[in-house]
Amino acid sequence: MSDLWIHPKCALDGRQASMEIEFKTTKGKTASYADARAEICLLDGHQMIAKEEVSVSESFRADLTISEPVQLWNCDDPKLYQVEIRIFDGQGPS
């Protein structure tokens with residue numbers, strides 16, 4: 001994976017949020033994108049608040065919609081979320 005970009009989009013009230021995720025993948029000589037997929041999870045601590053599974057190719061882009069309200073980050077109360085991206089080929093996790 002290279003050139004990873006995550007663009008958060010959120011209304012000021014925190015009720016409508018999404019993320020645009022882009023990255024590039026490289027494969028070995030024997031690998032194929034035919035069965036490749038990515039699992040994208042957004043975590044608040046240990047709680048998963050959004051999950052999306054999508055097909056992967058050499059250049060990848062996905063939109064993850066967050067159905068739960070999110071807390072916006074500010075300097076008085078910094079709130080951070082964790083994004084996990086797992087890439088699988090037809091033979092298992094890579």
# chains A, B, ... in the order shown; residues from 1 in each chain; ligands from 1

$ residues_around --residues "Gln71 of chain A" --least-positions-apart "4" --cutoff "9 Å" --atoms "only C-alpha atoms" --output "PyMOL selection string"
chain A and resi 13-15+79-80

$ write_last_selection --atoms "C-alpha atoms" --output "mmCIF file, in the first residue's frame"
data_model
loop_
_atom_site.group_PDB
_atom_site.id
_atom_site.type_symbol
_atom_site.label_atom_id
_atom_site.label_comp_id
_atom_site.auth_asym_id
_atom_site.auth_seq_id
_atom_site.Cartn_x
_atom_site.Cartn_y
_atom_site.Cartn_z
ATOM 1 C CA ASP A 13 -23.027 19.444 14.164
ATOM 2 C CA GLY A 14 -21.269 16.058 13.786
ATOM 3 C CA ARG A 15 -24.413 14.269 12.613
ATOM 4 C CA LYS A 79 -11.165 13.380 20.001
ATOM 5 C CA LEU A 80 -9.320 10.885 17.807
#

$ select_by_dssp --residues "segment 58-87 of chain A" --states "strand (DSSP E or B)" --output "ChimeraX atom specification"
/A:59-66,74,77,82-87

$ closest_residue --among "A:Gln82, A:Ser57, A:Ser67, A:Gln16" --to "Met1 of chain A" --atoms "only C-alpha atoms"
A:Ser57

$ closest_residue --among "A:Arg37, A:Met48, A:Asp76, A:Leu42" --to "Leu64 of chain A" --atoms "only C-alpha atoms"
A:Leu42

$ atom_distance --atom1 "atom CA of Leu4 of chain A" --atom2 "atom CA of His46 of chain A"
23.0 Å

$ closest_residue --among "A:Ala62, A:Ile87, A:Cys75, A:Val70" --to "Ala17 of chain A" --atoms "only C-alpha atoms"
A:Val70

$ closest_residue --among "A:Phe88, A:Trp73, A:Phe23, A:Tyr81" --to "Ala50 of chain A" --atoms "only C-alpha atoms"
A:Tyr81

$ closest_residue --among "A:Asp89, A:Glu20, A:Glu84, A:Glu68" --to "Ser55 of chain A" --atoms "only C-alpha atoms"
A:Asp89

$ decode --residues "segment 2-29 of chain A" --atoms "C-alpha atoms" --output "tab-separated table (two decimals), in the first residue's frame"
chain	number	residue	atom	x	y	z
A	2	SER	CA	1.26	3.47	-0.84
A	3	ASP	CA	-0.03	7.02	-1.30
A	4	LEU	CA	-2.68	6.66	1.41
A	5	TRP	CA	-5.07	9.62	1.73
A	6	ILE	CA	-8.02	9.84	4.11
A	7	HIS	CA	-10.26	12.86	3.67
A	8	PRO	CA	-12.82	13.28	6.48
A	9	LYS	CA	-16.03	15.13	5.69
A	10	CYS	CA	-18.29	16.23	8.50
A	11	ALA	CA	-21.13	18.65	9.13
A	12	LEU	CA	-20.45	21.12	11.93
A	13	ASP	CA	-23.03	19.44	14.16
A	14	GLY	CA	-21.27	16.06	13.79
A	15	ARG	CA	-24.41	14.27	12.61
A	16	GLN	CA	-23.44	13.61	9.00
A	17	ALA	CA	-19.94	12.29	8.47
A	18	SER	CA	-18.04	10.32	5.88
A	19	MET	CA	-14.49	9.56	4.81
A	20	GLU	CA	-13.02	9.37	1.34
A	21	ILE	CA	-10.15	6.89	1.28
A	22	GLU	CA	-7.62	6.56	-1.53
A	23	PHE	CA	-4.49	4.43	-1.87
A	24	LYS	CA	-2.41	2.48	-4.35
A	25	THR	CA	-1.47	-1.17	-4.07
A	26	THR	CA	1.39	-3.17	-5.48
A	27	LYS	CA	1.29	-6.87	-6.09
A	28	GLY	CA	3.89	-9.58	-6.48
A	29	LYS	CA	4.50	-11.27	-9.80
